[in-house]
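Have a look at start38.cif below; it lists mmCIF, C-alpha atoms.
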```
data_final
#
loop_
_atom_site.label_atom_id
_atom_site.label_comp_id
_atom_site.auth_asym_id
_atom_site.auth_seq_id
_atom_site.Cartn_x
_atom_site.Cartn_y
_atom_site.Cartn_z
CA MET G 831 -105.41 31.66 -63.40
CA GLU G 832 -102.77 33.70 -61.66
CA GLN G 833 -101.40 36.53 -63.73
CA LYS G 834 -98.20 35.49 -65.40
CA GLU G 835 -95.12 36.16 -63.41
CA THR G 836 -91.58 36.75 -64.52
CA LYS G 837 -89.39 33.77 -63.95
CA GLY G 838 -86.46 34.12 -61.62
CA TRP G 839 -82.96 32.85 -62.18
CA SER G 840 -82.07 29.20 -62.35
CA PRO G 841 -81.93 27.92 -58.74
CA TYR G 842 -78.61 26.27 -59.64
CA LEU G 843 -77.12 29.63 -60.62
CA ALA G 844 -78.59 31.64 -57.73
CA GLY G 845 -77.52 28.89 -55.31
CA ALA G 846 -73.98 28.72 -56.71
CA LEU G 847 -73.71 32.50 -56.29
CA VAL G 848 -74.75 32.11 -52.64
CA GLY G 849 -71.84 29.68 -52.36
CA VAL G 850 -69.54 32.38 -53.75
CA LEU G 851 -71.09 34.91 -51.34
CA ALA G 852 -70.43 32.58 -48.40
CA ILE G 853 -66.76 32.28 -49.40
CA VAL G 854 -66.33 36.03 -49.92
CA SER G 855 -68.12 36.71 -46.65
CA VAL G 856 -66.00 34.38 -44.54
CA TYR G 857 -62.88 35.77 -46.18
CA LEU G 858 -63.81 39.43 -45.66
CA THR G 859 -64.97 38.96 -42.06
CA THR G 860 -61.71 37.18 -41.26
CA ILE G 861 -59.61 39.92 -42.85
CA LEU G 862 -61.64 42.94 -41.71
CA LEU G 863 -63.17 41.80 -38.42
CA GLY G 864 -60.54 39.29 -37.33
CA LYS G 865 -63.15 36.55 -36.95
CA SER G 866 -64.42 34.08 -39.54
CA MET G 867 -68.18 34.62 -39.78
CA TYR G 868 -70.56 32.17 -41.41
CA LEU G 869 -74.06 32.78 -42.70
CA GLY G 870 -76.75 32.07 -40.13
CA ALA G 871 -80.08 33.43 -38.99
CA SER G 872 -81.65 31.99 -35.87
CA THR G 873 -79.48 33.64 -33.17
CA THR G 874 -80.80 36.99 -34.38
CA PHE G 875 -84.31 35.99 -33.27
CA VAL G 876 -83.00 35.44 -29.73
CA ARG G 877 -81.43 38.89 -29.78
CA ALA G 878 -84.58 40.50 -31.20
CA ALA G 879 -86.75 38.76 -28.58
CA GLY G 880 -84.30 39.92 -25.90
CA MET G 881 -84.51 43.51 -27.12
CA LEU G 882 -88.31 43.47 -27.08
CA ILE G 883 -88.50 41.98 -23.59
CA GLY G 884 -85.63 44.16 -22.41
CA SER G 885 -87.45 47.31 -23.46
CA VAL G 886 -90.12 46.42 -20.87
CA ASP G 887 -88.04 44.63 -18.24
CA PRO G 888 -84.27 45.15 -18.59
CA SER G 889 -83.48 43.20 -15.41
CA TYR G 890 -85.07 40.02 -16.81
CA ILE G 891 -82.63 40.10 -19.74
CA ALA G 892 -79.65 40.89 -17.53
CA ASP G 893 -80.43 37.90 -15.27
CA ASN G 894 -81.30 35.34 -17.93
CA ALA G 895 -78.45 32.92 -18.65
CA TYR G 896 -79.36 32.47 -22.32
CA TYR G 897 -79.54 36.19 -23.18
CA VAL G 898 -76.27 36.70 -21.32
CA LYS G 899 -74.70 33.84 -23.31
CA GLU G 900 -75.98 35.00 -26.73
CA LYS G 901 -75.65 38.74 -25.95
CA VAL G 902 -78.58 41.00 -26.77
CA ILE G 903 -76.86 43.28 -29.28
CA ILE G 904 -77.19 44.39 -32.88
CA ASP G 905 -74.31 42.57 -34.51
CA TRP G 906 -73.07 41.41 -37.91
CA GLN G 907 -75.69 38.67 -38.22
CA PHE G 908 -78.53 40.95 -37.09
CA MET G 909 -77.69 43.40 -39.88
CA MET G 910 -77.42 40.52 -42.33
CA ILE G 911 -81.03 39.58 -41.54
CA VAL G 912 -82.07 43.21 -42.10
CA GLY G 913 -80.17 43.02 -45.40
CA ILE G 914 -82.06 39.88 -46.50
CA PHE G 915 -85.29 41.86 -46.27
CA ILE G 916 -83.84 44.75 -48.29
CA GLY G 917 -82.22 42.48 -50.89
CA ALA G 918 -85.43 40.52 -51.44
CA PHE G 919 -87.38 43.77 -51.74
CA ILE G 920 -84.98 45.18 -54.35
CA ALA G 921 -84.88 41.97 -56.40
CA SER G 922 -88.67 41.56 -56.41
CA LYS G 923 -89.31 45.20 -57.29
CA MET G 924 -86.77 45.04 -60.13
CA ASP G 925 -88.37 42.07 -61.88
CA GLY G 926 -91.98 42.78 -60.96
CA SER G 927 -92.42 39.68 -58.80
CA PHE G 928 -93.21 41.70 -55.67
CA LYS G 929 -96.74 40.83 -54.62
CA LEU G 930 -98.70 41.59 -51.47
CA GLU G 931 -100.05 38.31 -50.26
CA ALA G 932 -102.14 37.68 -47.12
CA VAL G 933 -102.27 33.89 -47.35
CA PRO G 934 -99.92 31.63 -49.35
CA PRO G 935 -101.85 30.31 -52.40
CA GLU G 936 -100.87 26.71 -51.68
CA TRP G 937 -102.13 27.05 -48.12
CA GLU G 938 -105.36 28.60 -49.38
CA ALA G 939 -105.92 25.68 -51.74
CA ARG G 940 -105.83 23.29 -48.82
CA PHE G 941 -107.24 25.25 -45.87
CA GLY G 942 -109.07 28.22 -47.41
CA GLY G 943 -108.36 31.95 -47.40
CA SER G 944 -108.86 32.71 -43.69
CA VAL G 945 -106.07 34.98 -42.50
CA THR G 946 -106.84 34.16 -38.87
CA LYS G 947 -106.45 30.44 -39.45
CA ARG G 948 -103.19 30.98 -41.29
CA ALA G 949 -101.93 33.40 -38.63
CA ILE G 950 -102.62 31.04 -35.70
CA SER G 951 -101.00 28.11 -37.52
CA ALA G 952 -97.94 30.12 -38.51
CA VAL G 953 -97.44 31.51 -35.00
CA LEU G 954 -97.61 27.99 -33.55
CA GLY G 955 -95.30 26.70 -36.28
CA GLY G 956 -92.87 29.53 -35.58
CA ILE G 957 -92.79 28.73 -31.86
CA PHE G 958 -91.95 25.07 -32.51
CA MET G 959 -89.41 26.00 -35.15
CA MET G 960 -87.46 28.48 -33.08
CA ILE G 961 -87.36 26.30 -29.96
CA GLY G 962 -86.04 23.55 -32.23
CA ALA G 963 -83.52 25.82 -33.96
CA ARG G 964 -82.07 27.09 -30.69
CA MET G 965 -81.91 23.59 -29.26
CA ALA G 966 -80.20 22.22 -32.38
CA ASP G 967 -77.98 25.35 -32.45
CA GLY G 968 -78.84 26.36 -35.99
CA CYS G 969 -81.33 26.57 -38.86
CA PRO G 970 -81.15 25.80 -42.59
CA SER G 971 -78.70 28.72 -42.92
CA GLY G 972 -76.34 28.03 -40.02
CA HIS G 973 -76.53 24.26 -40.24
CA GLY G 974 -77.81 23.74 -43.78
CA LEU G 975 -75.52 26.11 -45.64
CA SER G 976 -72.62 27.01 -43.36
CA GLY G 977 -72.34 23.73 -41.45
CA MET G 978 -72.73 21.47 -44.46
CA MET G 979 -70.16 23.52 -46.39
CA GLN G 980 -67.73 22.97 -43.53
CA MET G 981 -68.59 19.27 -43.40
CA SER G 982 -69.74 19.38 -39.78
CA VAL G 983 -71.28 16.05 -38.78
CA SER G 984 -73.88 17.83 -36.60
CA SER G 985 -75.16 19.83 -39.56
CA TYR G 986 -75.84 16.76 -41.70
CA VAL G 987 -77.76 15.21 -38.80
CA ALA G 988 -79.64 18.47 -38.20
CA LEU G 989 -80.70 18.80 -41.84
CA ALA G 990 -81.81 15.16 -41.93
CA PHE G 991 -84.15 15.83 -39.00
CA PHE G 992 -85.29 19.27 -40.19
CA PHE G 993 -86.24 17.92 -43.56
CA GLY G 994 -87.18 14.33 -42.64
CA VAL G 995 -89.65 15.38 -39.95
CA GLY G 996 -90.77 18.33 -42.12
CA ALA G 997 -91.57 15.98 -45.01
CA LEU G 998 -93.42 13.59 -42.73
CA VAL G 999 -95.59 16.33 -41.21
CA ALA G 1000 -96.14 18.07 -44.57
CA ASN G 1001 -97.35 14.83 -46.13
CA ILE G 1002 -99.82 14.37 -43.29
CA ILE G 1003 -101.25 17.89 -43.34
CA TYR G 1004 -101.09 18.97 -46.99
CA ARG G 1005 -101.77 15.83 -48.99
CA LYS G 1006 -105.34 15.77 -50.20
CA LYS G 1007 -107.17 12.54 -49.46
CA MET Q 737 -72.33 52.28 -38.55
CA GLY Q 738 -69.23 50.24 -37.84
CA ILE Q 739 -67.46 48.04 -40.36
CA ASP Q 740 -68.99 44.85 -38.88
CA LEU Q 741 -72.55 46.12 -39.24
CA THR Q 742 -71.90 47.52 -42.72
CA LEU Q 743 -70.40 44.24 -43.82
CA GLY Q 744 -73.34 42.30 -42.34
CA LEU Q 745 -75.87 44.54 -44.06
CA THR Q 746 -74.13 44.33 -47.44
CA THR Q 747 -73.82 40.54 -47.21
CA GLY Q 748 -77.49 40.31 -46.25
CA ILE Q 749 -78.62 42.45 -49.19
CA ALA Q 750 -76.72 40.19 -51.61
CA PHE Q 751 -78.05 37.08 -49.84
CA GLY Q 752 -81.65 38.34 -49.92
CA PHE Q 753 -81.31 39.31 -53.58
CA LEU Q 754 -80.11 35.82 -54.52
CA LEU Q 755 -82.72 34.06 -52.36
CA GLN Q 756 -85.40 36.06 -54.13
CA LYS Q 757 -83.94 35.47 -57.62
CA GLY Q 758 -83.72 31.74 -56.88
CA ARG Q 759 -87.43 31.95 -55.95
CA VAL Q 760 -86.87 30.07 -52.70
CA LEU Q 761 -88.67 32.63 -50.51
CA ARG Q 762 -92.00 31.02 -51.24
CA PHE Q 763 -94.24 28.91 -49.06
CA GLY Q 764 -95.04 26.75 -52.10
CA LYS Q 765 -91.37 26.04 -52.82
CA GLN Q 766 -90.56 25.02 -49.25
CA VAL Q 767 -93.63 22.88 -48.69
CA GLY Q 768 -93.29 21.69 -52.30
CA ALA Q 769 -89.90 20.17 -51.45
CA MET Q 770 -91.34 18.45 -48.38
CA LEU Q 771 -94.00 16.92 -50.63
CA PHE Q 772 -91.30 16.00 -53.22
CA LYS Q 773 -93.18 17.98 -55.88
CA ASP Q 774 -90.77 20.89 -56.40
CA MET Q 775 -87.12 20.50 -55.47
CA THR Q 776 -86.11 24.14 -56.15
CA ILE Q 777 -84.86 24.72 -52.60
CA PHE Q 778 -82.65 21.63 -52.85
CA LYS Q 779 -81.22 22.71 -56.19
CA PHE Q 780 -80.44 26.08 -54.62
CA MET Q 781 -79.02 24.81 -51.32
CA LEU Q 782 -76.94 21.98 -52.73
CA SER Q 783 -75.44 24.27 -55.41
CA ALA Q 784 -74.48 26.75 -52.69
CA ILE Q 785 -73.00 24.00 -50.50
CA VAL Q 786 -70.87 22.45 -53.27
CA VAL Q 787 -69.40 25.81 -54.32
CA GLY Q 788 -68.92 26.99 -50.74
CA MET Q 789 -67.40 23.70 -49.64
CA PHE Q 790 -64.48 23.93 -52.07
CA GLY Q 791 -63.87 27.61 -51.36
CA ILE Q 792 -63.87 27.14 -47.59
CA LEU Q 793 -61.69 24.06 -47.90
CA ILE Q 794 -59.06 26.00 -49.87
CA LEU Q 795 -59.15 29.02 -47.51
CA ALA Q 796 -58.95 26.80 -44.42
CA ASP Q 797 -56.22 24.69 -46.00
CA GLN Q 798 -54.15 27.86 -46.55
CA GLY Q 799 -54.73 28.84 -42.93
CA ILE Q 800 -56.53 32.02 -43.97
CA ILE Q 801 -59.82 31.33 -42.20
CA THR Q 802 -60.84 29.29 -39.18
CA GLN Q 803 -63.67 26.80 -39.34
CA SER Q 804 -66.39 26.65 -36.75
CA HIS Q 805 -68.22 23.37 -36.29
CA LYS Q 806 -71.35 23.12 -34.20
CA PRO Q 807 -71.23 20.33 -31.61
CA MET Q 808 -72.55 16.86 -32.44
CA ASN Q 809 -74.98 16.90 -29.52
CA VAL Q 810 -77.33 13.98 -30.15
CA GLY Q 811 -80.27 14.99 -27.93
CA ALA Q 812 -80.16 18.59 -29.13
CA LEU Q 813 -80.08 17.60 -32.79
CA VAL Q 814 -82.71 14.85 -32.63
CA VAL Q 815 -85.22 16.68 -30.41
CA GLY Q 816 -84.44 20.17 -31.71
CA GLY Q 817 -84.27 19.00 -35.32
CA SER Q 818 -87.66 17.28 -35.00
CA LEU Q 819 -89.32 20.30 -33.39
CA PHE Q 820 -87.88 22.41 -36.18
CA GLY Q 821 -89.26 20.01 -38.80
CA ILE Q 822 -92.78 20.20 -37.35
CA GLY Q 823 -92.63 24.00 -37.28
CA TRP Q 824 -91.13 24.24 -40.77
CA ALA Q 825 -93.91 22.13 -42.31
CA VAL Q 826 -96.66 24.18 -40.66
CA MET Q 827 -95.09 27.60 -41.15
CA GLY Q 828 -93.68 26.94 -44.61
CA PHE Q 829 -90.61 29.14 -44.15
CA CYS Q 830 -87.32 28.77 -42.34
CA PRO Q 831 -86.08 31.72 -40.22
CA GLY Q 832 -84.03 33.51 -42.90
CA THR Q 833 -86.53 32.98 -45.71
CA ALA Q 834 -89.42 34.27 -43.56
CA VAL Q 835 -87.72 37.66 -43.38
CA GLY Q 836 -86.99 37.61 -47.12
CA ALA Q 837 -90.58 36.61 -47.91
CA ILE Q 838 -91.86 39.82 -46.33
CA GLY Q 839 -89.37 41.73 -48.49
CA GLU Q 840 -91.09 40.43 -51.63
CA GLY Q 841 -94.53 41.28 -50.28
CA ARG Q 842 -95.57 37.94 -48.78
CA TRP Q 843 -96.44 39.71 -45.56
CA HIS Q 844 -98.16 36.67 -44.02
CA ALA Q 845 -94.63 35.51 -43.10
CA VAL Q 846 -94.85 38.09 -40.32
CA PHE Q 847 -97.03 35.65 -38.35
CA GLY Q 848 -94.27 33.08 -38.45
CA ILE Q 849 -91.79 35.71 -37.29
CA VAL Q 850 -94.01 36.57 -34.32
CA GLY Q 851 -94.10 32.85 -33.49
CA MET Q 852 -90.32 32.58 -33.79
CA LEU Q 853 -89.79 35.52 -31.42
CA ILE Q 854 -92.11 33.88 -28.89
CA GLY Q 855 -90.27 30.57 -29.41
CA ALA Q 856 -86.91 32.25 -28.80
CA ALA Q 857 -88.25 33.81 -25.58
CA ILE Q 858 -89.60 30.44 -24.39
CA TYR Q 859 -86.27 28.77 -25.12
CA ALA Q 860 -84.38 31.46 -23.20
CA GLN Q 861 -86.77 31.15 -20.25
CA TYR Q 862 -86.34 27.36 -20.04
CA TYR Q 863 -82.69 27.23 -21.12
CA PRO Q 864 -81.47 25.91 -17.72
CA PHE Q 865 -83.98 23.06 -17.99
CA PHE Q 866 -82.92 22.16 -21.56
CA LYS Q 867 -79.29 22.43 -20.58
CA SER Q 868 -79.65 19.89 -17.77
CA THR Q 869 -81.80 17.52 -19.87
CA VAL Q 870 -81.80 17.33 -23.68
CA LEU Q 871 -78.48 19.12 -24.13
CA SER Q 872 -76.65 16.93 -21.62
CA TRP Q 873 -77.56 13.48 -22.95
CA ALA Q 874 -74.73 12.79 -25.37
CA ASP Q 875 -72.36 15.36 -26.83
CA PHE Q 876 -69.66 14.12 -29.19
CA GLY Q 877 -68.24 17.62 -29.61
CA LYS Q 878 -67.17 19.47 -32.74
CA ILE Q 879 -66.49 16.72 -35.26
CA SER Q 880 -66.28 16.88 -39.04
CA LEU Q 881 -67.15 14.26 -41.64
CA PRO Q 882 -63.50 13.77 -42.71
CA GLN Q 883 -62.58 13.12 -39.05
CA LEU Q 884 -65.48 10.72 -38.60
CA LEU Q 885 -64.74 8.82 -41.81
CA GLY Q 886 -60.95 9.02 -41.45
CA VAL Q 887 -60.46 10.38 -44.97
CA SER Q 888 -59.12 13.58 -46.53
CA PRO Q 889 -61.61 16.47 -46.72
CA TRP Q 890 -61.01 16.51 -50.47
CA VAL Q 891 -62.41 12.99 -50.72
CA VAL Q 892 -65.53 14.11 -48.85
CA ALA Q 893 -65.89 17.21 -51.05
CA ILE Q 894 -65.58 15.19 -54.26
CA GLY Q 895 -67.94 12.52 -52.92
CA PHE Q 896 -70.47 15.16 -51.94
CA THR Q 897 -70.24 16.73 -55.40
CA ILE Q 898 -70.87 13.39 -57.13
CA ILE Q 899 -73.90 12.63 -54.92
CA THR Q 900 -75.24 16.15 -55.57
CA ALA Q 901 -74.81 15.74 -59.34
CA LEU Q 902 -76.71 12.44 -59.24
CA MET Q 903 -79.50 14.05 -57.23
CA PHE Q 904 -79.75 16.93 -59.72
CA ARG Q 905 -79.98 14.44 -62.57
CA LEU Q 906 -82.79 12.64 -60.75
CA PHE Q 907 -84.68 15.89 -60.11
CA GLU Q 908 -84.45 16.90 -63.77
CA LYS Q 909 -85.47 13.43 -64.94
CA LYS Q 910 -88.53 13.48 -62.68
CA GLY Q 911 -89.24 17.10 -63.61
CA VAL Q 912 -89.49 18.25 -59.99
#
```
Encoding of this model in C-alpha cells:
Amino acid sequence: MEQKETKGWSPYLAGALVGVLAIVSVYLTTILLGKSMYLGASTTFVRAAGMLIGSVDPSYIADNAYYVKEKVIIDWQFMMIVGIFIGAFIASKMDGSFKLEAVPPEWEARFGGSVTKRAISAVLGGIFMMIGARMADGCPSGHGLSGMMQMSVSSYVALAFFFGVGALVANIIYRKK
Amino acid sequence: MGIDLTLGLTTGIAFGFLLQKGRVLRFGKQVGAMLFKDMTIFKFMLSAIVVGMFGILILADQGIITQSHKPMNVGALVVGGSLFGIGWAVMGFCPGTAVGAIGEGRWHAVFGIVGMLIGAAIYAQYYPFFKSTVLSWADFGKISLPQLLGVSPWVVAIGFTIITALMFRLFEKKGV
C-alpha cells in the first residue's frame, strides 16, 4: 500500500481558477504589454531546442526558417513554463505531496520498474508528441485551454485527435489482457 | 527582468500551483482519462474552459482584448493531432504538465522533456518539407465555432456549458 497522501483540491475548483487565471492573464498582457497573450506551452520547447543547438552552432539557428519564424528568445511564455515548475514545487511542498519518483506507479504496474525502459519509451513518446504539437500549432494548453475558450474550430478538432488517438493507443498498450 | 518576463513568470507560478492542486500533473491521471477510468483532467480542463470562455467573450465583446484563433489547417490538425495522441499515450504527460510533474518530484518526466526537445529540433529541421506537404493540403483559415455555425457566440457558450454540465453529471454517476 502506498503511504496515504493528502488530497488536492477539487479538480472542478482548481480548473475554474485556471479559467479565472486565463482571463486575468489575457487582460493584464493586453493592458501592460499591448498584446493579448493566451496560455500555451509547446512553442517554448522550440525556443529551448534552438538555444541548445545555437550554443553549439549559432549559424544553424540563424539559417533555419522555423527558428527564425518562432524566434529563439526567452519570452513571456518561456517564463510561464519556468513558473509552472516553481508553482508545482511550491504547491506540492506545502501539502506534502512532493514525491521523488523514478517510474510512474501505473507504468510500473504494467511494464515493471525499469528506468531504462521507461526512459526510452518517454523519449520516443516526447519526439512524436512535439512533432505533432508543432504541426498542429498547439498542445492541450494552447489548443485545449486557450483555443477552446476562444471557440476556435481548429482547437476542437485538435483536441479530438489528441485525445481520440491517445485513448486508442492507451487502450492498446495499457489494458491488461 | 522586464515586465513581460515578470508577468509570464507570475502567471506560470499560479498556473503550476493550480495544476498541482488539481492533481493533474500525474501520469496516472492523464493515462487514466485515456482509459476512461479517471476523468480528473477533463473535470479540470472543462471547468477552466467554461469559466474562461465567458470571461474572454465579455472582454472581446467590449473590445478590450483581441482574440487569436489558430488556423483550421486540416492536414496539420489530423496528422499533427494523431502524432500528438500517440506520443501523449506513451509519455503520459502533455508539454506543460511534464514540466509541472518535475516540480512535484516526478523527475521521470525529464525523459519526456528530452524527447520533446529532440522532436522540436526534428520539426524545425524538416519544416520546409512539412510546409510544402501536410501544411499545404487544406487550410480553412482562422475560423470560430460561432462563424461556422452562424450563431451568436453566446449561444455557443451556453451550449458548451450545458454539454459540460451533462458530462460532469455522467462522470460523477459513473464514479470516474
Original post:
Near stretch 864-870 of chain Q, counting only C-alpha atoms, which residues have an atom at most 8 Å away, once you skip same-chain residues fewer than 4 positions from it, shown as number ranges by chain?
Top reply: G: 895, 965; Q: 811-812, 815
**OP:** Measure the distance from atom CA of G:Asn894 to atom CA of G:Asp967 in Å and round it to one decimal.
**Re:**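 So the two atoms, atom CA of G:Asn894 and atom CA of G:Asp967, lie 17.9 Å apart.
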**OP:** Name all residues at most 12 Å from G:Leu858 (count all atoms listed in the file; drop same-chain ones fewer than 5 positions away) and give them as a PyMOL selection string.
**Re:** (chain G and resi 851-853+863-868) or (chain Q and resi 739-740+742-744+746-747+795+800-801)
Original post:
From the set Q:Leu871, Q:Leu745, Q:Met903, Q:Ile854, which residue has the shortest atom-to-atom contact distance to G:Phe908, counting all atoms listed in the file?
Top reply: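 Counting all atoms listed in the file, the residue closest to G:Phe908 is Q:Leu745.
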Any idea what's packed within 7 Å of stretch 869-880 of chain G, counting only C-alpha atoms, ignoring anything in its chain fewer than 5 positions away? Could you give it as a PDB file with C-alpha atoms, in the frame of the given file?
```pdb
ATOM      1  CA  ALA G 852     -70.430  32.580 -48.400  1.00  0.00           C
ATOM      2  CA  ILE G 891     -82.630  40.100 -19.740  1.00  0.00           C
ATOM      3  CA  TYR G 897     -79.540  36.190 -23.180  1.00  0.00           C
ATOM      4  CA  LYS G 901     -75.650  38.740 -25.950  1.00  0.00           C
ATOM      5  CA  VAL G 902     -78.580  41.000 -26.770  1.00  0.00           C
ATOM      6  CA  ILE G 903     -76.860  43.280 -29.280  1.00  0.00           C
ATOM      7  CA  GLN G 907     -75.690  38.670 -38.220  1.00  0.00           C
ATOM      8  CA  PHE G 908     -78.530  40.950 -37.090  1.00  0.00           C
ATOM      9  CA  ILE G 911     -81.030  39.580 -41.540  1.00  0.00           C
ATOM     10  CA  ALA G 963     -83.520  25.820 -33.960  1.00  0.00           C
ATOM     11  CA  GLY G 968     -78.840  26.360 -35.990  1.00  0.00           C
ATOM     12  CA  CYS G 969     -81.330  26.570 -38.860  1.00  0.00           C
ATOM     13  CA  SER G 971     -78.700  28.720 -42.920  1.00  0.00           C
ATOM     14  CA  GLY G 972     -76.340  28.030 -40.020  1.00  0.00           C
ATOM     15  CA  SER G 976     -72.620  27.010 -43.360  1.00  0.00           C
TER      16      SER G 976
ATOM     17  CA  PRO Q 831     -86.080  31.720 -40.220  1.00  0.00           C
ATOM     18  CA  GLY Q 832     -84.030  33.510 -42.900  1.00  0.00           C
ATOM     19  CA  MET Q 852     -90.320  32.580 -33.790  1.00  0.00           C
ATOM     20  CA  LEU Q 853     -89.790  35.520 -31.420  1.00  0.00           C
ATOM     21  CA  ALA Q 856     -86.910  32.250 -28.800  1.00  0.00           C
ATOM     22  CA  ALA Q 857     -88.250  33.810 -25.580  1.00  0.00           C
TER      23      ALA Q 857
END
```
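The space separating atom CA of Q:Gly752 from atom CA of G:Val912 comes to 9.2 Å.
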